[in-house]
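Beneath this line is the structure, given in structure tokens, with notes to follow.
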Amino acid sequence: GFNKVAYQKSDIWRDIPQNSFFYFVHSYRIAKIKKNTDYKISTTNYGENFISFIECKKVFGAQFHPEKSHSCGLKLIKNFCDLD
């Protein structure tokens, strides 16, 4: 179902409101990650906080499905396509 995503500001999240809803299908998750200043993480709470999006330089990974997340998901995809 739909859950809120709290993100760290970056170009891929441009013009997407903080705590927007994105569509999740399954319960796989990254529970923790070692501290690294190169990583930007986004989190979601579904009974507990977990990493729902990770960004490191030009590499991105999403736990949710942007293509099923309506206008916010489409904006995220557009922002990805517009990255230099």
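How things are named: the first chain in the structure tokens is A, the next is B, and so on; residues count from 1 in each chain; ligands count from 1 in the order shown.
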
>> Give me, as a ChimeraX atom specification, the residues of chain A that a backbone DSSP run labels strand (DSSP E or B).
In response: /A:2-6,20-23,30,39-45,49-56,59-62,65

Emit the selected residues as a compact mmCIF listing (two decimals), in the first residue's frame, including N, CA, C and O atoms.
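This is the output file again.txt:
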```txt
# COMPACT_ATOMS: atom_id res chain seq x y z
N PHE A 2 0.20 2.36 0.19
CA PHE A 2 0.88 3.66 0.18
C PHE A 2 1.39 4.02 1.56
O PHE A 2 0.68 3.87 2.55
N ASN A 3 2.64 4.49 1.60
CA ASN A 3 3.26 4.94 2.83
C ASN A 3 4.09 6.19 2.55
O ASN A 3 4.58 6.38 1.43
N LYS A 4 4.28 7.00 3.59
CA LYS A 4 5.05 8.24 3.46
C LYS A 4 6.54 7.95 3.38
O LYS A 4 7.05 7.05 4.04
N VAL A 5 7.23 8.78 2.59
CA VAL A 5 8.68 8.71 2.48
C VAL A 5 9.26 10.06 2.90
O VAL A 5 8.88 11.10 2.36
N ALA A 6 10.14 10.02 3.89
CA ALA A 6 10.87 11.21 4.35
C ALA A 6 12.27 11.15 3.74
O ALA A 6 12.99 10.19 3.97
N SER A 20 5.71 12.62 1.09
CA SER A 20 4.74 12.21 0.07
C SER A 20 4.54 10.70 0.14
O SER A 20 5.39 9.97 0.64
N PHE A 21 3.41 10.25 -0.37
CA PHE A 21 3.08 8.82 -0.36
C PHE A 21 3.61 8.13 -1.61
O PHE A 21 3.46 8.64 -2.72
N PHE A 22 4.20 6.94 -1.41
CA PHE A 22 4.68 6.10 -2.49
C PHE A 22 4.14 4.70 -2.27
O PHE A 22 3.85 4.31 -1.14
N TYR A 23 4.05 3.93 -3.35
CA TYR A 23 3.41 2.62 -3.30
C TYR A 23 4.41 1.50 -3.05
O TYR A 23 5.38 1.33 -3.81
N ILE A 30 15.91 -2.69 3.89
CA ILE A 30 17.24 -2.53 4.46
C ILE A 30 17.01 -1.96 5.86
O ILE A 30 16.45 -0.87 6.00
N TYR A 39 26.23 8.53 1.11
CA TYR A 39 24.87 8.03 0.98
C TYR A 39 23.86 9.06 1.45
O TYR A 39 24.06 9.72 2.45
N LYS A 40 22.77 9.17 0.71
CA LYS A 40 21.60 9.90 1.18
C LYS A 40 20.49 8.86 1.27
O LYS A 40 20.28 8.10 0.33
N ILE A 41 19.82 8.82 2.40
CA ILE A 41 18.78 7.82 2.56
C ILE A 41 17.44 8.49 2.83
O ILE A 41 17.35 9.59 3.35
N SER A 42 16.41 7.79 2.43
CA SER A 42 15.04 8.18 2.73
C SER A 42 14.45 7.09 3.60
O SER A 42 14.82 5.92 3.46
N THR A 43 13.56 7.47 4.47
CA THR A 43 13.00 6.48 5.39
C THR A 43 11.48 6.48 5.34
O THR A 43 10.85 7.45 4.95
N THR A 44 10.94 5.35 5.75
CA THR A 44 9.49 5.15 5.83
C THR A 44 9.23 4.43 7.15
O THR A 44 10.06 3.66 7.61
N ASN A 45 8.08 4.70 7.73
CA ASN A 45 7.69 3.98 8.94
C ASN A 45 6.50 3.09 8.63
O ASN A 45 5.46 3.57 8.18
N ASN A 49 10.89 2.21 11.55
CA ASN A 49 11.55 2.97 10.50
C ASN A 49 12.46 2.05 9.70
O ASN A 49 13.14 1.19 10.28
N PHE A 50 12.45 2.22 8.39
CA PHE A 50 13.36 1.47 7.53
C PHE A 50 13.77 2.34 6.35
O PHE A 50 13.12 3.34 6.04
N ILE A 51 14.85 1.97 5.71
CA ILE A 51 15.35 2.71 4.55
C ILE A 51 14.52 2.32 3.34
O ILE A 51 14.44 1.15 2.98
N SER A 52 13.89 3.31 2.73
CA SER A 52 13.03 3.04 1.58
C SER A 52 13.60 3.57 0.26
O SER A 52 13.08 3.26 -0.81
N PHE A 53 14.67 4.36 0.35
CA PHE A 53 15.33 4.87 -0.86
C PHE A 53 16.76 5.19 -0.47
O PHE A 53 17.02 5.69 0.62
N ILE A 54 17.68 4.88 -1.37
CA ILE A 54 19.08 5.17 -1.11
C ILE A 54 19.69 5.77 -2.36
O ILE A 54 19.33 5.42 -3.48
N GLU A 55 20.59 6.72 -2.14
CA GLU A 55 21.24 7.42 -3.24
C GLU A 55 22.71 7.57 -2.89
O GLU A 55 23.06 7.94 -1.78
N CYS A 56 23.55 7.24 -3.85
CA CYS A 56 24.99 7.44 -3.69
C CYS A 56 25.54 7.87 -5.04
O CYS A 56 25.57 7.08 -5.99
N VAL A 59 23.89 6.54 -8.32
CA VAL A 59 23.26 5.23 -8.14
C VAL A 59 22.08 5.39 -7.19
O VAL A 59 22.22 6.01 -6.13
N PHE A 60 20.92 4.86 -7.57
CA PHE A 60 19.69 5.02 -6.80
C PHE A 60 19.01 3.67 -6.62
O PHE A 60 19.05 2.83 -7.51
N GLY A 61 18.39 3.48 -5.48
CA GLY A 61 17.62 2.28 -5.23
C GLY A 61 16.36 2.62 -4.46
O GLY A 61 16.42 3.36 -3.48
N ALA A 62 15.24 2.11 -4.91
CA ALA A 62 13.96 2.39 -4.27
C ALA A 62 13.30 1.11 -3.81
O ALA A 62 13.23 0.14 -4.57
N HIS A 65 7.59 1.42 -5.48
CA HIS A 65 7.43 1.39 -6.94
C HIS A 65 7.03 2.79 -7.43
O HIS A 65 5.86 3.16 -7.34
```

>> Which of chain A end up as helix (DSSP H, G or I) when DSSP is run on this backbone - answer as a list of chain:residue names?
In response: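 Helix (DSSP H, G or I) members of chain A, listed: A:Asp11, A:Ile12, A:Trp13, A:Pro66, A:Glu67, A:Lys68, A:His70, A:Ser71, A:Cys72, A:Gly73, A:Leu74, A:Lys75, A:Leu76, A:Ile77, A:Lys78, A:Asn79, A:Phe80, A:Cys81, A:Asp82.
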
>> Which residue is closest to Asn36 of chain A? Choose from A:Lys57, A:Leu83, A:Leu76, A:Lys9 and count only C-alpha atoms.
In response: A:Lys57

>> Counting only C-alpha atoms, which residue out of A:Asp11, A:Lys68, A:Asn19, A:Lys34 sits closest to Cys81 of chain A?
In response: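 Going through A:Asp11, A:Lys68, A:Asn19, A:Lys34 one by one, the smallest distance to Cys81 of chain A is for A:Asp11.
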
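With distances restricted to only C-alpha atoms, A:Lys58 is the closest residue to Ile12 of chain A from A:Lys58, A:Ile33, A:Asp38, A:His70.
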
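Atom CA of Gln18 of chain A is found 10.5 Å from atom CA of Cys72 of chain A.
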
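Straight-line separation from atom CA of Ile16 of chain A to atom CA of Arg29 of chain A: 22.5 Å.
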
> Restricting the calculation to only C-alpha atoms, which member of A:Ser27, A:Asp84, A:Trp13, A:Tyr46 is positioned closest to Pro66 of chain A?
Replying inline: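 Nearest candidate to Pro66 of chain A out of A:Ser27, A:Asp84, A:Trp13, A:Tyr46: A:Trp13.
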
> Looking at only C-alpha atoms, which of A:Val25, A:Thr37, A:Lys32, A:Glu48 is the one that sits closest to Glu67 of chain A?
Replying inline: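 Closest candidate: A:Val25.
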